[in-house]
>>> print(open('target33.csv').read())   # CSV, C-alpha atoms
chain,number,residue,atom,x,y,z
A,1,MET,CA,83.5,80.4,110.3
A,2,PRO,CA,82.3,80.2,106.7
A,3,HIS,CA,84.6,81.3,104.0
A,4,THR,CA,83.6,84.5,102.2
A,5,PHE,CA,86.2,84.2,99.4
A,6,ASP,CA,87.6,81.3,97.5
A,7,LEU,CA,91.0,83.0,97.2
A,8,LEU,CA,93.0,85.8,98.9
A,9,VAL,CA,96.0,86.9,96.9
A,10,ILE,CA,98.6,89.0,98.6
A,11,GLY,CA,101.6,90.7,96.9
A,12,ASP,CA,102.5,93.0,94.1
A,13,ALA,CA,100.3,95.1,91.7
A,14,ASN,CA,101.7,97.6,89.2
A,15,PRO,CA,101.2,98.9,85.7
A,16,ASP,CA,103.2,97.0,83.1
A,17,ILE,CA,104.5,98.8,80.0
A,18,VAL,CA,105.2,95.9,77.6
A,19,LEU,CA,107.4,96.7,74.6
A,20,GLY,CA,108.6,94.4,71.8
A,21,PRO,CA,109.7,92.3,70.3
A,22,LEU,CA,113.2,93.8,70.3
A,23,ASP,CA,115.5,91.6,68.2
A,24,ALA,CA,118.7,93.5,68.9
A,25,PRO,CA,120.4,94.4,72.2
A,26,LEU,CA,119.2,97.4,74.1
A,27,ALA,CA,121.1,100.4,72.7
A,28,PHE,CA,122.3,103.1,75.0
A,29,GLY,CA,124.0,106.3,73.9
A,30,GLN,CA,120.7,108.1,73.3
A,31,ARG,CA,119.7,105.8,70.5
A,32,GLU,CA,116.1,105.2,69.7
A,33,GLN,CA,114.9,101.8,68.8
A,34,LEU,CA,111.5,100.9,67.3
A,35,VAL,CA,109.4,97.8,68.2
A,36,ASP,CA,106.1,96.6,66.8
A,37,THR,CA,104.0,96.6,70.0
A,38,GLY,CA,103.6,98.8,73.0
A,39,LEU,CA,101.0,98.2,75.7
A,40,LEU,CA,100.0,99.7,79.1
A,41,THR,CA,98.4,96.9,81.1
A,42,LEU,CA,97.9,95.5,84.6
A,43,GLY,CA,101.0,93.8,86.0
A,44,GLY,CA,102.5,92.3,89.1
A,45,SER,CA,102.6,88.5,89.6
A,46,ALA,CA,100.0,88.7,92.4
A,47,ALA,CA,97.6,90.9,90.5
A,48,ILE,CA,97.8,88.8,87.3
A,49,MET,CA,97.2,85.6,89.2
A,50,ALA,CA,94.2,87.2,91.0
A,51,CYS,CA,92.7,88.2,87.7
A,52,GLY,CA,93.2,84.8,86.2
A,53,ALA,CA,91.5,83.1,89.1
A,54,ALA,CA,88.6,85.5,88.9
A,55,ARG,CA,88.3,84.8,85.2
A,56,LEU,CA,88.1,81.1,86.1
A,57,GLY,CA,85.1,81.8,88.3
A,58,LEU,CA,86.6,82.1,91.8
A,59,GLU,CA,85.6,84.8,94.3
A,60,VAL,CA,88.9,86.6,94.7
A,61,ALA,CA,90.1,89.3,97.1
A,62,PHE,CA,93.4,91.2,96.8
A,63,ALA,CA,95.6,92.6,99.6
A,64,GLY,CA,98.5,94.9,98.9
A,65,ARG,CA,99.6,98.5,98.6
A,66,VAL,CA,99.7,101.2,95.8
A,67,GLY,CA,100.6,104.8,95.8
A,68,ASN,CA,98.2,107.8,95.9
A,69,ASP,CA,98.8,108.5,92.2
A,70,GLU,CA,97.4,107.8,88.7
A,71,ALA,CA,99.2,104.5,88.5
A,72,GLY,CA,97.6,103.4,91.8
A,73,ARG,CA,94.1,104.4,90.5
A,74,PHE,CA,94.8,102.5,87.3
A,75,ILE,CA,95.5,99.3,89.3
A,76,ARG,CA,92.4,99.6,91.4
A,77,THR,CA,90.2,100.2,88.3
A,78,ALA,CA,91.8,97.3,86.4
A,79,LEU,CA,91.3,94.8,89.3
A,80,ASP,CA,87.8,95.9,89.9
A,81,ALA,CA,86.9,95.6,86.2
A,82,ARG,CA,88.1,92.0,86.3
A,83,GLY,CA,86.0,91.1,89.3
A,84,VAL,CA,88.7,91.1,92.0
A,85,ASN,CA,87.7,92.6,95.4
A,86,THR,CA,90.0,95.5,96.2
A,87,ASP,CA,88.7,96.6,99.6
A,88,ALA,CA,92.1,95.6,101.1
A,89,LEU,CA,94.2,97.4,98.5
A,90,ARG,CA,95.8,100.1,100.7
A,91,VAL,CA,96.9,103.5,99.5
A,92,ASP,CA,100.3,104.7,100.7
A,93,PRO,CA,100.3,108.5,101.3
A,94,ALA,CA,104.0,109.0,100.4
A,95,LEU,CA,105.5,106.2,98.2
A,96,PRO,CA,104.6,105.8,94.5
A,97,THR,CA,102.9,102.8,92.9
A,98,PRO,CA,105.5,100.4,91.5
A,99,LEU,CA,106.1,100.5,87.8
A,100,THR,CA,107.5,97.8,85.5
A,101,VAL,CA,108.8,98.0,81.9
A,102,VAL,CA,108.9,94.6,80.1
A,103,VAL,CA,111.0,94.4,76.9
A,104,THR,CA,110.3,91.2,75.0
A,105,ARG,CA,112.3,89.4,72.3
A,106,GLY,CA,111.1,87.4,69.3
A,107,ASP,CA,112.3,84.1,70.9
A,108,GLY,CA,110.0,84.6,73.9
A,109,ASP,CA,112.6,85.8,76.3
A,110,ARG,CA,112.2,89.2,78.1
A,111,THR,CA,114.0,91.6,80.4
A,112,ILE,CA,112.1,93.3,83.2
A,113,LEU,CA,112.9,96.6,84.8
A,114,THR,CA,111.0,97.5,88.0
A,115,SER,CA,110.8,100.6,90.1
A,116,PRO,CA,109.7,99.2,93.5
A,117,GLY,CA,107.8,102.1,94.9
A,118,THR,CA,105.4,100.8,97.6
A,119,LEU,CA,106.8,97.2,97.4
A,120,SER,CA,109.4,98.0,100.1
A,121,ALA,CA,106.7,99.2,102.5
A,122,THR,CA,104.1,96.5,101.9
A,123,GLY,CA,103.9,94.3,105.0
A,124,PRO,CA,101.7,92.3,107.3
A,125,ASP,CA,99.5,95.3,108.3
A,126,ASP,CA,98.3,95.4,104.7
A,127,VAL,CA,96.7,91.9,105.0
A,128,PRO,CA,93.5,92.0,107.1
A,129,GLU,CA,93.2,89.1,109.5
A,130,ALA,CA,89.5,88.9,108.6
A,131,LEU,CA,90.5,88.0,105.0
A,132,LEU,CA,93.1,85.4,106.2
A,133,THR,CA,90.4,83.7,108.3
A,134,SER,CA,87.6,83.9,105.7
A,135,SER,CA,89.3,82.6,102.5
A,136,ARG,CA,89.5,79.0,101.3
A,137,HIS,CA,93.0,79.5,99.9
A,138,VAL,CA,95.7,82.2,100.3
A,139,HIS,CA,98.3,82.8,97.6
A,140,ALA,CA,101.4,85.0,98.0
A,141,ALA,CA,103.6,86.2,95.1
A,142,SER,CA,106.9,88.0,94.4
A,143,TYR,CA,108.6,86.9,97.7
A,144,PHE,CA,111.9,88.6,96.9
A,145,LEU,CA,110.3,92.0,95.9
A,146,LEU,CA,108.4,92.4,99.2
A,147,PRO,CA,110.9,92.0,102.1
A,148,LYS,CA,108.6,93.1,104.9
A,149,LEU,CA,105.8,90.9,103.7
A,150,ALA,CA,108.1,88.0,103.1
A,151,GLY,CA,109.3,88.2,106.7
A,152,ALA,CA,105.7,87.9,108.0
A,153,LEU,CA,104.5,85.2,105.6
A,154,PRO,CA,105.1,82.3,108.0
A,155,GLU,CA,102.7,83.8,110.5
A,156,LEU,CA,100.2,85.0,107.9
A,157,LEU,CA,100.0,81.6,106.2
A,158,ALA,CA,99.9,79.8,109.5
A,159,THR,CA,96.9,81.9,110.5
A,160,ALA,CA,95.1,81.1,107.3
A,161,ARG,CA,95.8,77.4,107.7
A,162,ALA,CA,94.6,77.4,111.3
A,163,HIS,CA,91.2,78.6,109.9
A,164,GLY,CA,91.0,75.8,107.3
A,165,ALA,CA,92.7,77.5,104.3
A,166,THR,CA,95.3,76.0,102.0
A,167,THR,CA,98.2,78.1,100.9
A,168,SER,CA,100.6,78.7,97.9
A,169,LEU,CA,103.6,80.7,97.0
A,170,ASP,CA,105.2,81.8,93.8
A,171,THR,CA,108.5,83.4,94.7
A,172,ASN,CA,109.2,84.7,91.2
A,173,ASP,CA,112.7,86.0,90.5
A,174,ASP,CA,115.2,87.2,93.1
A,175,PRO,CA,116.9,90.4,91.8
A,176,SER,CA,119.7,89.9,94.3
A,177,GLY,CA,120.5,86.4,93.0
A,178,THR,CA,120.9,85.0,96.5
A,179,TRP,CA,117.5,83.1,96.8
A,180,ALA,CA,117.3,83.5,100.6
A,181,PRO,CA,119.0,80.3,101.7
A,182,GLY,CA,117.6,79.5,105.2
A,183,ARG,CA,115.2,82.5,105.4
A,184,ILE,CA,112.5,81.0,103.2
A,185,ASP,CA,112.3,77.6,105.0
A,186,ALA,CA,109.8,78.9,107.6
A,187,THR,CA,107.5,80.0,104.8
A,188,LEU,CA,107.8,76.7,102.9
A,189,ALA,CA,106.9,74.9,106.1
A,190,VAL,CA,103.4,76.5,106.0
A,191,THR,CA,103.0,76.4,102.2
A,192,ASP,CA,100.9,73.7,100.6
A,193,PHE,CA,102.0,74.5,97.0
A,194,LEU,CA,105.2,76.1,95.8
A,195,LEU,CA,104.8,77.3,92.2
A,196,PRO,CA,108.2,78.3,90.6
A,197,ASN,CA,109.2,78.1,87.0
A,198,ALA,CA,112.1,75.8,86.1
A,199,ARG,CA,114.9,78.4,86.5
A,200,GLU,CA,113.5,79.5,89.9
A,201,ALA,CA,113.1,75.9,91.1
A,202,LEU,CA,116.8,75.2,90.2
A,203,ALA,CA,118.0,78.3,91.9
A,204,LEU,CA,116.0,77.8,95.1
A,205,ALA,CA,117.1,74.2,95.4
A,206,ALA,CA,120.8,75.1,94.7
A,207,ALA,CA,120.8,77.9,97.2
A,208,ALA,CA,119.5,75.6,99.9
A,209,ALA,CA,122.1,72.8,99.2
A,210,PRO,CA,125.6,74.4,98.8
A,211,ASP,CA,128.4,72.2,97.6
A,212,ALA,CA,131.5,71.3,99.5
A,213,THR,CA,133.0,74.7,99.0
A,214,GLY,CA,130.0,76.5,100.4
A,215,SER,CA,128.9,77.7,97.0
A,216,PRO,CA,125.4,77.1,95.6
A,217,ALA,CA,125.1,73.6,94.0
A,218,THR,CA,125.0,73.7,90.2
A,219,ALA,CA,124.8,70.0,89.0
A,220,ILE,CA,121.2,69.3,89.7
A,221,THR,CA,118.3,68.2,87.5
A,222,LEU,CA,114.9,69.8,87.5
A,223,GLU,CA,113.4,66.6,88.9
A,224,ALA,CA,115.9,66.5,91.7
A,225,ALA,CA,115.4,70.2,92.5
A,226,ALA,CA,111.6,69.7,92.8
A,227,GLY,CA,112.1,66.7,95.0
A,228,ALA,CA,114.5,68.6,97.3
A,229,LEU,CA,112.1,71.5,97.6
A,230,ALA,CA,109.2,69.2,98.3
A,231,ALA,CA,111.2,67.7,101.2
A,232,ARG,CA,111.0,71.1,102.8
A,233,GLY,CA,107.2,71.0,103.1
A,234,PRO,CA,105.2,72.0,100.0
A,235,ARG,CA,104.1,70.1,97.0
A,236,VAL,CA,106.2,71.6,94.2
A,237,VAL,CA,104.5,72.5,90.9
A,238,VAL,CA,107.1,73.6,88.3
A,239,LYS,CA,106.3,75.5,85.1
A,240,ASN,CA,108.6,74.7,82.2
A,241,GLY,CA,107.2,76.5,79.2
A,242,ALA,CA,107.0,74.5,76.0
A,243,ASP,CA,108.2,71.4,78.0
A,244,GLY,CA,105.0,71.4,80.0
A,245,ALA,CA,105.0,71.2,83.8
A,246,LEU,CA,105.6,68.8,86.7
A,247,VAL,CA,104.6,68.3,90.3
A,248,HIS,CA,106.5,66.6,93.1
A,249,ASP,CA,105.1,65.7,96.5
A,250,GLY,CA,108.3,64.3,97.9
A,251,ARG,CA,107.5,60.8,96.8
A,252,THR,CA,105.8,60.9,93.4
A,253,LEU,CA,106.6,62.8,90.3
A,254,LEU,CA,103.9,63.7,87.8
A,255,ARG,CA,104.3,65.4,84.4
A,256,THR,CA,102.1,67.0,81.9
A,257,PRO,CA,103.0,68.2,78.4
A,258,SER,CA,102.2,71.7,77.1
A,259,ILE,CA,99.3,72.2,74.8
A,260,PRO,CA,100.0,73.6,71.3
A,261,ALA,CA,100.2,77.4,71.2
A,262,ARG,CA,101.6,80.2,69.0
A,263,PRO,CA,102.4,82.8,71.7
A,264,LEU,CA,102.2,86.5,71.0
A,265,ASP,CA,103.4,87.4,74.5
A,266,THR,CA,104.4,85.2,77.4
A,267,VAL,CA,104.2,87.9,80.0
A,268,GLY,CA,102.1,86.6,82.9
A,269,ALA,CA,101.8,83.1,81.6
A,270,GLY,CA,103.2,81.6,84.8
A,271,ASP,CA,100.8,83.6,86.9
A,272,SER,CA,97.9,82.4,84.7
A,273,PHE,CA,99.2,78.8,85.2
A,274,ASP,CA,99.1,79.4,89.0
A,275,ALA,CA,95.5,80.6,88.8
A,276,GLY,CA,94.6,77.5,86.8
A,277,PHE,CA,96.2,75.1,89.2
A,278,ILE,CA,94.7,76.7,92.3
A,279,ALA,CA,91.2,76.9,90.7
A,280,ALA,CA,91.4,73.3,89.7
A,281,PHE,CA,92.6,72.2,93.1
A,282,LEU,CA,89.7,74.1,94.8
A,283,ARG,CA,87.3,72.4,92.5
A,284,GLY,CA,88.6,69.1,93.7
A,285,LEU,CA,90.4,67.9,90.6
A,286,PRO,CA,93.0,65.2,91.1
A,287,THR,CA,96.6,66.5,90.9
A,288,ALA,CA,97.3,65.2,87.4
A,289,GLU,CA,94.2,66.9,86.0
A,290,ALA,CA,94.9,70.1,87.9
A,291,LEU,CA,98.4,70.2,86.4
A,292,ALA,CA,97.1,69.7,82.9
A,293,PHE,CA,94.4,72.4,83.4
A,294,ALA,CA,97.1,74.8,84.7
A,295,ALA,CA,99.3,74.2,81.7
A,296,ALA,CA,96.3,75.0,79.4
A,297,CYS,CA,95.6,78.2,81.3
A,298,GLY,CA,99.2,79.3,81.0
A,299,ALA,CA,99.4,78.5,77.2
A,300,LEU,CA,96.1,80.2,76.4
A,301,SER,CA,97.1,83.4,78.2
A,302,THR,CA,99.8,83.9,75.6
A,303,ARG,CA,97.3,84.5,72.8
A,304,ALA,CA,97.4,88.3,73.3
A,305,HIS,CA,99.8,91.0,74.5
A,306,GLY,CA,99.8,91.6,78.3
A,307,GLY,CA,99.3,89.3,81.2
A,308,THR,CA,95.5,89.5,81.6
A,309,THR,CA,94.1,90.1,78.1
A,310,ALA,CA,93.8,86.5,77.0
A,311,GLN,CA,93.3,84.7,80.3
A,312,PRO,CA,90.8,81.9,79.7
A,313,THR,CA,87.5,81.0,81.3
A,314,TRP,CA,87.0,77.6,82.8
A,315,ASP,CA,85.2,76.4,79.7
A,316,GLU,CA,87.8,77.8,77.3
A,317,ALA,CA,90.6,75.9,79.2
A,318,GLY,CA,88.5,72.7,79.2
A,319,THR,CA,87.9,73.0,75.5
A,320,ALA,CA,91.6,73.4,74.8
A,321,LEU,CA,92.4,70.3,76.8
A,322,ALA,CA,89.7,68.3,74.9
A,323,ARG,CA,91.2,69.4,71.6
A,324,ASP,CA,94.5,68.1,72.9
A,325,GLY,CA,93.0,64.8,73.8
A,326,LYS,CA,92.5,65.4,77.6
A,327,ASN,CA,89.3,65.5,79.5
A,328,LEU,CA,88.6,67.0,82.9
>>> encode(input="target33.csv", output="structure tokens")
Amino acid sequence: MPHTFDLLVIGDANPDIVLGPLDAPLAFGQREQLVDTGLLTLGGSAAIMACGAARLGLEVAFAGRVGNDEAGRFIRTALDARGVNTDALRVDPALPTPLTVVVTRGDGDRTILTSPGTLSATGPDDVPEALLTSSRHVHAASYFLLPKLAGALPELLATARAHGATTSLDTNDDPSGTWAPGRIDATLAVTDFLLPNAREALALAAAAAPDATGSPATAITLEAAAGALAARGPRVVVKNGADGALVHDGRTLLRTPSIPARPLDTVGAGDSFDAGFIAAFLRGLPTAEALAFAAACGALSTRAHGGTTAQPTWDEAGTALARDGKNL
């Protein structure tokens, strides 16, 4: 069966309210604090990745769930405007659309507050089999925010693979702090690319390899964490901010430095990195070049506030790499 879409993205989509930078602790006691910037924009790791991939020229479909409310209509409009197919974006009749508030700091760090809404109800029935079987690649995001979907990912990704697709997963953060030791293994076994950031890679590896007391391991390098995760099935592509990125296939470790950037807002940079890596992979670039291209996409996305505003085109990312002495 010919593939209709280059990429199917499944997972979370919500409005982001991005405020900052806040250079003092959050003050309670009915105190009001002022920040320089406030923005209402498209959020959710899956949604931002889908938009980044569409911006890079891929034919992208999105599957997920929103509420029957203004926030849900905002999400559909925003995805449509960025060229993402939303035919499989389901409307829940009862639960509200998720909502996230991101408070940034001047040092690039941030805190994220999310009201889950439809995330708890999003499951395998929200992912049409016809999309799984007609997409060249399937990407899942926010594993720990979508428990019903997470439980079904082994079967969903296996179905996609059986029809010729490759697969990827960005777990993002785990609010519970447990990192699903044991539960995620079945998903990793049918995942071609695992795309965590450095902190997530360390946490996932530590949770899977407890020390002698049964507690999560702590003394582990990022390289060792990537290797340990790669041993569970996927190639592991780790985003490490200003320190660049690395990929481990279980045998070989490759690195790329970051490209120079003066970030205004790092929200969504990791999702734009994911989009860049998958777009480069689907174009047939060697792994080292795909890694460099992804790092460029992540860095360029920080040029403006919000996760999608400054996502680059293919040519923009290529030009940035050329300026940095790299050629595709």
>>> closest_residue(input="target33.csv", among="A:His137, A:Gly241, A:Ala228, A:Pro147", to="Thr191 of chain A", atoms="only C-alpha atoms")
A:His137
>>> closest_residue(input="target33.csv", among="A:Thr104, A:Thr166, A:Thr171, A:Ser272", to="Leu132 of chain A", atoms="only C-alpha atoms")
A:Thr166
>>> residues_around(input="target33.csv", residues="His3 of chain A", least_positions_apart="5", cutoff="10 Å", atoms="all atoms listed in the file", output="mmCIF file with C-alpha atoms, keeping the file's coordinate frame")
data_model
loop_
_atom_site.group_PDB
_atom_site.id
_atom_site.type_symbol
_atom_site.label_atom_id
_atom_site.label_comp_id
_atom_site.auth_asym_id
_atom_site.auth_seq_id
_atom_site.Cartn_x
_atom_site.Cartn_y
_atom_site.Cartn_z
ATOM 1 C CA LEU A 131 90.500 88.000 105.000
ATOM 2 C CA LEU A 132 93.100 85.400 106.200
ATOM 3 C CA THR A 133 90.400 83.700 108.300
ATOM 4 C CA SER A 134 87.600 83.900 105.700
ATOM 5 C CA SER A 135 89.300 82.600 102.500
ATOM 6 C CA ARG A 136 89.500 79.000 101.300
ATOM 7 C CA HIS A 137 93.000 79.500 99.900
ATOM 8 C CA HIS A 163 91.200 78.600 109.900
ATOM 9 C CA GLY A 164 91.000 75.800 107.300
ATOM 10 C CA ALA A 165 92.700 77.500 104.300
#
>>> closest_residue(input="target33.csv", among="A:Gly108, A:Gly298, A:Gly276, A:Gly244", to="Gly57 of chain A", atoms="all atoms listed in the file")
A:Gly276
>>> residues_around(input="target33.csv", residues="Ala279 of chain A", least_positions_apart="5", cutoff="8 Å", atoms="only C-alpha atoms", output="MDAnalysis selection string")
chainID A and resid 53 56 58
>>> closest_residue(input="target33.csv", among="A:Ala224, A:Ala206, A:Leu285, A:Ala261", to="Thr302 of chain A", atoms="all atoms listed in the file")
A:Ala261
>>> atom_distance(input="target33.csv", atom1="atom CA of Asp36 of chain A", atom2="atom CA of Asp265 of chain A")
12.3 Å
>>> residues_around(input="target33.csv", residues="segment 19-22 of chain A", least_positions_apart="4", cutoff="10 Å", atoms="only C-alpha atoms", output="VMD selection string")
chain A and resid 26 33 to 40 101 to 110 264 to 265 305 to 306
>>> closest_residue(input="target33.csv", among="A:Arg199, A:Lys148, A:Arg65, A:Arg232", to="Asp174 of chain A", atoms="all atoms listed in the file")
A:Arg199
>>> residues_around(input="target33.csv", residues="Gly270 of chain A", least_positions_apart="4", cutoff="8 Å", atoms="all atoms listed in the file", output="list in words")
Asn197, Lys239, Asp274 and Gly298 of chain A
>>> closest_residue(input="target33.csv", among="A:Val138, A:Ala162, A:Leu194, A:Val267", to="Ile17 of chain A", atoms="all atoms listed in the file")
A:Val267
